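In what follows, a structure is listed as structure tokens, so that the remarks can point back to it.
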Amino acid sequence: MKVTTRILLGICLFVCTYYLRAQEQEHVSAIKPPATPLPDEAASRGVTKFCFIVYGDTRGRRDGTAIQYDHSMLIDSMLVQIKKLSSTDHPIKFVLQSGDAVVDGTDVKQWNFSFVPLIDRLTTDGNVPYFLVPGNHERTTTDLGMKNYLDAVKNLIPSDDSPRRLRGTATFSFGFGNTFIVALDANIPADEKQYQWIKGQLEALDRNRYANIVVFCHQAPFSSGPHGGPKVEPETAELRKRFMPLFHENHVRLVFSGHEHLFEHWVERYSDASGAHRMDLVVSGGGGAPIYTYTGEPNLDDYLKDNARIKASLEHLVRPSVDRGSNPYHYLIVYVDGEKLDLEVNSVDWGSGFSPYRSNKVVLQDAHR
């Protein structure tokens with residue numbers, strides 16, 4: 001009996017040790033970096049014409065078992081556009097993804113089976129840098145979620161010792177040409193350390209060079225889907241309270257977010273001592289996740305009252321549809337031409353021909369400018 005017990009204990013110990021070692025070895029594969037990364041900020045100083053892609057919410061029903069099918073259609077289309085624009089004066093220089101890469105960011109298989117191989121196509125076949133900020137499904141508020149996210153993007157975002165990275169976090173920034181990009185982790189908008197770091201990045205910028213400031217994050221300051229509308233999530237409330245005044249002070253031009261699986265476009269106008277300003281806030285969550293619909297307008301009375309000093313006003317330029325079939329999978333191309341910014345919405349599959357502006361393009365400035 002004692003011998004049998006000893007043997008069983010030995011077998012259990014072996015199995016447990018093997019399992020733990022297997023778990024330690026299992027990790028998210030790093031997305032392959034492009035052969036041609038973004039140049040140092042100083043090297044691109046004179047660039048004033050280029051494009052970049054924006055999209056978000058790619059999590060799919062088959063995560064962990066197969067490639068994200070709907071997301072793959074977007075990748076196919078992006079690669080066509082990257083090739084098409086490469087020989088023009090507006091080549092696509094990078095891609096921004098606003099989060100929710102997979103359903104469960106703590107699941108290694110979901111990253112490795114369903115997401116990473118698709119992004120490898122963009123970075124290798126398309127040879128473009130790819131920047132991902134985490135959404136709530138990345139679960140970066142947990143140690144494992146953050147580890148998996150950082151393992152996936154370690155070859156893509158600024159290194160921990162870079163002045164363009166808040167050490168140990170998913171918060172970073174970078175500059176290209178006349179445009180400065182800030183990646184904000186909107187899962188933790190109340191985090192004082194992140195707020196102060198982003199504030200420092202913006203206030204230290206050479207505004208003679210960086211005419212355009214662009215922020216991308218997951219949760220949106222304003223939206224009208226199931227996460228917005230009559231409902232105000234804590235992250236949204238914190239973005240409005242803490243970050244929108246910071247964006248006003250630093251004249252942020254564009255804010256891209258996802259979270260809502262649809263397309264909508266807000267325009268905020270405000271004035272300060274330097275004159276009248278416009279900020280475009282675009283929700284683009286059509287990367288392959290289950291489509292959402294319009295649920296109603298958010299109550300903005302308190303926000304507008306809090307910002308009455310700068311005469312803030314908001315226009316809901318494009319509302320999403322109450323019909324899922326009219327909220328297609330899509331991605332955006334932003335055309336930069338000096339301080340002139342144009343937006344193009346590209347939809348795929350059954351949504352081809354999506355024209356939210358009576359066309360799929362819009363100039364992001366008021367007519368009198």
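By convention in this document, the chains of the structure tokens carry letters A, B, ... by their order, each chain's residues are numbered from 1, and ligands are numbered from 1 in the order they are shown.
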Could the residues of region 228-331 of chain A that have an atom at most 12 Å from region 173-190 of chain A be listed as JSON lines, each with its closest atom pair and the distance in Å to one decimal, counting only C-alpha atoms and ordered by chain and ascending residue number?
```
{"residue": "A:Glu233", "atom": "CA", "partner": "A:Asn187", "partner_atom": "CA", "distance": 11.0}
{"residue": "A:Pro234", "atom": "CA", "partner": "A:Pro189", "partner_atom": "CA", "distance": 9.0}
{"residue": "A:Glu235", "atom": "CA", "partner": "A:Pro189", "partner_atom": "CA", "distance": 6.2}
{"residue": "A:Thr236", "atom": "CA", "partner": "A:Ala186", "partner_atom": "CA", "distance": 8.4}
{"residue": "A:Ala237", "atom": "CA", "partner": "A:Pro189", "partner_atom": "CA", "distance": 9.2}
{"residue": "A:Glu238", "atom": "CA", "partner": "A:Pro189", "partner_atom": "CA", "distance": 6.0}
{"residue": "A:Leu239", "atom": "CA", "partner": "A:Pro189", "partner_atom": "CA", "distance": 6.2}
{"residue": "A:Arg240", "atom": "CA", "partner": "A:Pro189", "partner_atom": "CA", "distance": 9.8}
{"residue": "A:Lys241", "atom": "CA", "partner": "A:Ala190", "partner_atom": "CA", "distance": 9.6}
{"residue": "A:Arg242", "atom": "CA", "partner": "A:Ala190", "partner_atom": "CA", "distance": 7.8}
{"residue": "A:Phe243", "atom": "CA", "partner": "A:Pro189", "partner_atom": "CA", "distance": 8.0}
{"residue": "A:Met244", "atom": "CA", "partner": "A:Pro189", "partner_atom": "CA", "distance": 11.2}
{"residue": "A:Phe247", "atom": "CA", "partner": "A:Val182", "partner_atom": "CA", "distance": 11.1}
{"residue": "A:Asn250", "atom": "CA", "partner": "A:Phe180", "partner_atom": "CA", "distance": 11.8}
{"residue": "A:His251", "atom": "CA", "partner": "A:Phe180", "partner_atom": "CA", "distance": 11.9}
{"residue": "A:Val252", "atom": "CA", "partner": "A:Phe180", "partner_atom": "CA", "distance": 9.6}
{"residue": "A:Arg253", "atom": "CA", "partner": "A:Thr179", "partner_atom": "CA", "distance": 9.9}
{"residue": "A:Leu254", "atom": "CA", "partner": "A:Ile181", "partner_atom": "CA", "distance": 9.6}
{"residue": "A:Val255", "atom": "CA", "partner": "A:Val182", "partner_atom": "CA", "distance": 9.5}
{"residue": "A:Phe256", "atom": "CA", "partner": "A:Ala183", "partner_atom": "CA", "distance": 9.9}
{"residue": "A:Ser257", "atom": "CA", "partner": "A:Ala186", "partner_atom": "CA", "distance": 9.4}
{"residue": "A:Gly258", "atom": "CA", "partner": "A:Ala186", "partner_atom": "CA", "distance": 10.6}
{"residue": "A:His259", "atom": "CA", "partner": "A:Ala186", "partner_atom": "CA", "distance": 10.4}
```
Those same residues, written as a PDB file, in the first residue's frame with C-alpha atoms?
```pdb
ATOM      1  CA  GLU A 233     -19.795  54.386 -18.075  1.00  0.00           C
ATOM      2  CA  PRO A 234     -17.195  55.359 -15.439  1.00  0.00           C
ATOM      3  CA  GLU A 235     -14.435  55.438 -18.061  1.00  0.00           C
ATOM      4  CA  THR A 236     -16.437  57.827 -20.242  1.00  0.00           C
ATOM      5  CA  ALA A 237     -17.233  60.099 -17.299  1.00  0.00           C
ATOM      6  CA  GLU A 238     -13.541  60.229 -16.377  1.00  0.00           C
ATOM      7  CA  LEU A 239     -12.446  60.950 -19.953  1.00  0.00           C
ATOM      8  CA  ARG A 240     -14.871  63.879 -20.094  1.00  0.00           C
ATOM      9  CA  LYS A 241     -13.844  65.227 -16.700  1.00  0.00           C
ATOM     10  CA  ARG A 242     -10.052  64.839 -16.841  1.00  0.00           C
ATOM     11  CA  PHE A 243      -8.858  64.396 -20.391  1.00  0.00           C
ATOM     12  CA  MET A 244     -11.167  66.561 -22.482  1.00  0.00           C
ATOM     13  CA  PHE A 247      -7.219  68.102 -25.003  1.00  0.00           C
ATOM     14  CA  ASN A 250      -3.372  71.464 -26.091  1.00  0.00           C
ATOM     15  CA  HIS A 251      -5.631  71.812 -29.149  1.00  0.00           C
ATOM     16  CA  VAL A 252      -5.918  68.108 -29.937  1.00  0.00           C
ATOM     17  CA  ARG A 253      -7.240  67.735 -33.489  1.00  0.00           C
ATOM     18  CA  LEU A 254      -8.520  64.165 -33.526  1.00  0.00           C
ATOM     19  CA  VAL A 255      -9.654  61.560 -30.994  1.00  0.00           C
ATOM     20  CA  PHE A 256     -10.229  58.010 -32.259  1.00  0.00           C
ATOM     21  CA  SER A 257     -11.889  55.334 -30.174  1.00  0.00           C
ATOM     22  CA  GLY A 258     -13.845  52.092 -30.456  1.00  0.00           C
ATOM     23  CA  HIS A 259     -15.796  50.150 -27.806  1.00  0.00           C
TER      24      HIS A 259
END
```
Excluding Ser313 (chain A) and residues on its chain fewer than 3 positions from it, collect all residues at most 8 Å away from it, counting only C-alpha atoms, and give them as JSON, numbers by chain.
-> {"A": [268, 269, 270, 304]}
Serialized selection, C-alpha atoms, as a PDB file, in the first residue's frame:
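Final output, again_38.pdb:
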```pdb
ATOM      1  CA  GLU A 268     -16.605  69.742 -30.778  1.00  0.00           C
ATOM      2  CA  ARG A 269     -16.071  73.456 -31.286  1.00  0.00           C
ATOM      3  CA  TYR A 270     -14.661  75.742 -28.615  1.00  0.00           C
ATOM      4  CA  LEU A 304     -21.390  71.613 -21.718  1.00  0.00           C
TER       5      LEU A 304
END
```
Can you list, as a PyMOL selection string, all residues belonging to region 41-180 of chain A that DSSP tags as strand (DSSP E)?
-> chain A and resi 49-55+92-97+130-132+172-176+179-180
Kindly give the distance, in Å, that separates CA of Lys361 (chain A) and CA of Glu315 (chain A), rounded to a single decimal.
->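 Straight-line distance from CA of Lys361 (chain A) to CA of Glu315 (chain A) works out to 17.6 Å.
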Every residue of region 164-366 of chain A that DSSP places in helix (DSSP H, G or I), as JSON, numbers by chain = {"A": [192, 193, 194, 195, 196, 197, 198, 199, 200, 201, 202, 203, 234, 235, 236, 237, 238, 239, 240, 241, 242, 243, 244, 245, 246, 247, 248, 249, 301, 302, 303, 304, 305, 306, 308, 309, 310, 324, 325, 326, 349, 350, 351]}
What lies within 8 Å of Asp89 (chain A) using only C-alpha atoms, ignoring chain neighbours under 3 positions off, as a list in words?
->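 What passes the distance filter is Lys49, Phe50, Leu85 and Ser86 of chain A.
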How would the residues just chosen look if you wrote them out with N, CA and C atoms as an mmCIF file, in the first residue's frame?
```cif
data_model
loop_
_atom_site.group_PDB
_atom_site.id
_atom_site.type_symbol
_atom_site.label_atom_id
_atom_site.label_comp_id
_atom_site.auth_asym_id
_atom_site.auth_seq_id
_atom_site.Cartn_x
_atom_site.Cartn_y
_atom_site.Cartn_z
ATOM 1 N N LYS A 49 2.966 65.239 -45.804
ATOM 2 C CA LYS A 49 1.945 64.524 -46.571
ATOM 3 C C LYS A 49 2.117 63.019 -46.372
ATOM 4 N N PHE A 50 1.083 62.383 -45.867
ATOM 5 C CA PHE A 50 1.084 60.935 -45.691
ATOM 6 C C PHE A 50 -0.312 60.509 -45.242
ATOM 7 N N LEU A 85 -1.538 53.176 -52.486
ATOM 8 C CA LEU A 85 -1.091 54.511 -52.088
ATOM 9 C C LEU A 85 0.428 54.618 -51.948
ATOM 10 N N SER A 86 1.126 53.501 -52.023
ATOM 11 C CA SER A 86 2.573 53.517 -51.801
ATOM 12 C C SER A 86 3.328 54.357 -52.828
#
```
Expressed in Å to a single decimal, how great is the separation between CA of Ser87 (chain A) and CA of Leu118 (chain A)?
->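 CA of Leu118 (chain A) lies at a distance of 24.0 Å from CA of Ser87 (chain A).
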Which residue of A:Asp342, A:Asp100, A:Asp40, A:Asp366 approaches Tyr149 (chain A) most closely, using only C-alpha atoms | A:Asp100
Find the residues near Ile291 (chain A): any atom within 9 Å, counting only C-alpha atoms, skip ones fewer than 5 places away on the same chain, and give them as a ChimeraX atom specification.
-> /A:260-262,285-286,324-325,327-329
List the neighbours of His90 (chain A) out to 12 Å using only C-alpha atoms; skip same-chain residues closer than 2 positions along the sequence, and give me the result as an mmCIF file with C-alpha atoms, in the first residue's frame.
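The new file out-v8.cif reads:
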```
data_model
loop_
_atom_site.group_PDB
_atom_site.id
_atom_site.type_symbol
_atom_site.label_atom_id
_atom_site.label_comp_id
_atom_site.auth_asym_id
_atom_site.auth_seq_id
_atom_site.Cartn_x
_atom_site.Cartn_y
_atom_site.Cartn_z
ATOM 1 C CA VAL A 47 7.150 65.198 -43.796
ATOM 2 C CA THR A 48 3.761 66.893 -44.187
ATOM 3 C CA LYS A 49 1.945 64.524 -46.571
ATOM 4 C CA PHE A 50 1.084 60.935 -45.691
ATOM 5 C CA CYS A 51 -1.766 58.659 -44.580
ATOM 6 C CA PHE A 52 -2.490 56.368 -41.668
ATOM 7 C CA ILE A 53 -5.151 53.736 -40.980
ATOM 8 C CA GLN A 81 -4.874 50.315 -50.139
ATOM 9 C CA ILE A 82 -1.313 50.203 -48.768
ATOM 10 C CA LYS A 83 -0.037 49.012 -52.147
ATOM 11 C CA LYS A 84 -2.213 51.460 -54.080
ATOM 12 C CA LEU A 85 -1.091 54.511 -52.088
ATOM 13 C CA SER A 86 2.573 53.517 -51.801
ATOM 14 C CA SER A 87 3.473 55.212 -55.090
ATOM 15 C CA THR A 88 1.529 58.417 -54.353
ATOM 16 C CA ILE A 92 0.208 54.815 -45.601
ATOM 17 C CA LYS A 93 2.813 55.054 -42.851
ATOM 18 C CA PHE A 94 1.236 53.244 -39.889
ATOM 19 C CA ILE A 333 -7.785 56.223 -43.751
ATOM 20 C CA VAL A 334 -6.669 59.652 -42.553
ATOM 21 C CA TYR A 335 -5.015 61.852 -45.193
ATOM 22 C CA VAL A 336 -2.565 64.377 -43.766
ATOM 23 C CA ASP A 337 -1.647 67.371 -45.910
ATOM 24 C CA GLY A 338 -0.025 69.910 -43.619
ATOM 25 C CA LEU A 341 -6.894 66.444 -42.538
ATOM 26 C CA ASP A 342 -9.299 64.337 -44.602
#
```
Val282 (chain A) environment, 10 Å, only C-alpha atoms, sequence neighbours closer than 5 positions dropped, as a short mmCIF file (atom, residue, chain, number, x, y, z; two decimals) with N, CA and C atoms, in the first residue's frame:
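Generated output (part.cif):
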```cif
data_model
loop_
_atom_site.label_atom_id
_atom_site.label_comp_id
_atom_site.auth_asym_id
_atom_site.auth_seq_id
_atom_site.Cartn_x
_atom_site.Cartn_y
_atom_site.Cartn_z
N VAL A 54 -6.88 53.74 -39.26
CA VAL A 54 -7.44 53.62 -37.92
C VAL A 54 -8.60 52.64 -37.95
N PHE A 216 -5.58 58.21 -29.59
CA PHE A 216 -6.43 57.04 -29.80
C PHE A 216 -6.52 56.23 -28.52
N ALA A 220 -14.89 55.76 -25.59
CA ALA A 220 -15.08 57.05 -26.24
C ALA A 220 -15.61 58.10 -25.27
N PRO A 221 -15.18 59.35 -25.40
CA PRO A 221 -15.78 60.41 -24.59
C PRO A 221 -17.27 60.61 -24.88
N PHE A 222 -17.65 60.41 -26.16
CA PHE A 222 -19.05 60.59 -26.56
C PHE A 222 -19.42 59.47 -27.53
N SER A 223 -20.56 58.84 -27.30
CA SER A 223 -21.03 57.81 -28.23
C SER A 223 -22.52 57.59 -28.00
N LEU A 254 -7.74 65.37 -33.27
CA LEU A 254 -8.52 64.16 -33.53
C LEU A 254 -8.46 63.21 -32.34
N VAL A 255 -9.60 62.62 -31.99
CA VAL A 255 -9.65 61.56 -30.99
C VAL A 255 -10.36 60.37 -31.64
N PHE A 256 -9.65 59.24 -31.71
CA PHE A 256 -10.23 58.01 -32.26
C PHE A 256 -10.46 57.02 -31.13
N SER A 257 -11.59 56.36 -31.17
CA SER A 257 -11.89 55.33 -30.17
C SER A 257 -12.74 54.24 -30.80
N GLY A 258 -13.00 53.20 -30.01
CA GLY A 258 -13.84 52.09 -30.46
C GLY A 258 -14.89 51.82 -29.40
N PHE A 263 -19.94 52.97 -36.49
CA PHE A 263 -19.23 54.19 -36.87
C PHE A 263 -20.07 55.40 -36.49
N GLU A 264 -19.45 56.37 -35.84
CA GLU A 264 -20.10 57.66 -35.61
C GLU A 264 -19.03 58.74 -35.48
N HIS A 265 -19.47 59.99 -35.68
CA HIS A 265 -18.52 61.11 -35.76
C HIS A 265 -19.11 62.30 -35.03
N TRP A 266 -18.35 62.80 -34.06
CA TRP A 266 -18.72 63.99 -33.30
C TRP A 266 -17.75 65.12 -33.63
N VAL A 267 -18.23 66.34 -33.58
CA VAL A 267 -17.37 67.52 -33.75
C VAL A 267 -17.60 68.44 -32.55
N LEU A 317 -22.17 64.70 -35.96
CA LEU A 317 -22.11 64.82 -37.42
C LEU A 317 -22.63 63.58 -38.13
N VAL A 318 -22.26 62.40 -37.63
CA VAL A 318 -22.76 61.14 -38.20
C VAL A 318 -23.27 60.27 -37.06
N LEU A 332 -10.70 53.19 -41.34
CA LEU A 332 -10.55 54.58 -41.77
C LEU A 332 -9.16 54.82 -42.33
N LEU A 343 -10.75 62.50 -44.00
CA LEU A 343 -11.08 61.18 -43.49
C LEU A 343 -11.82 60.39 -44.56
#
```
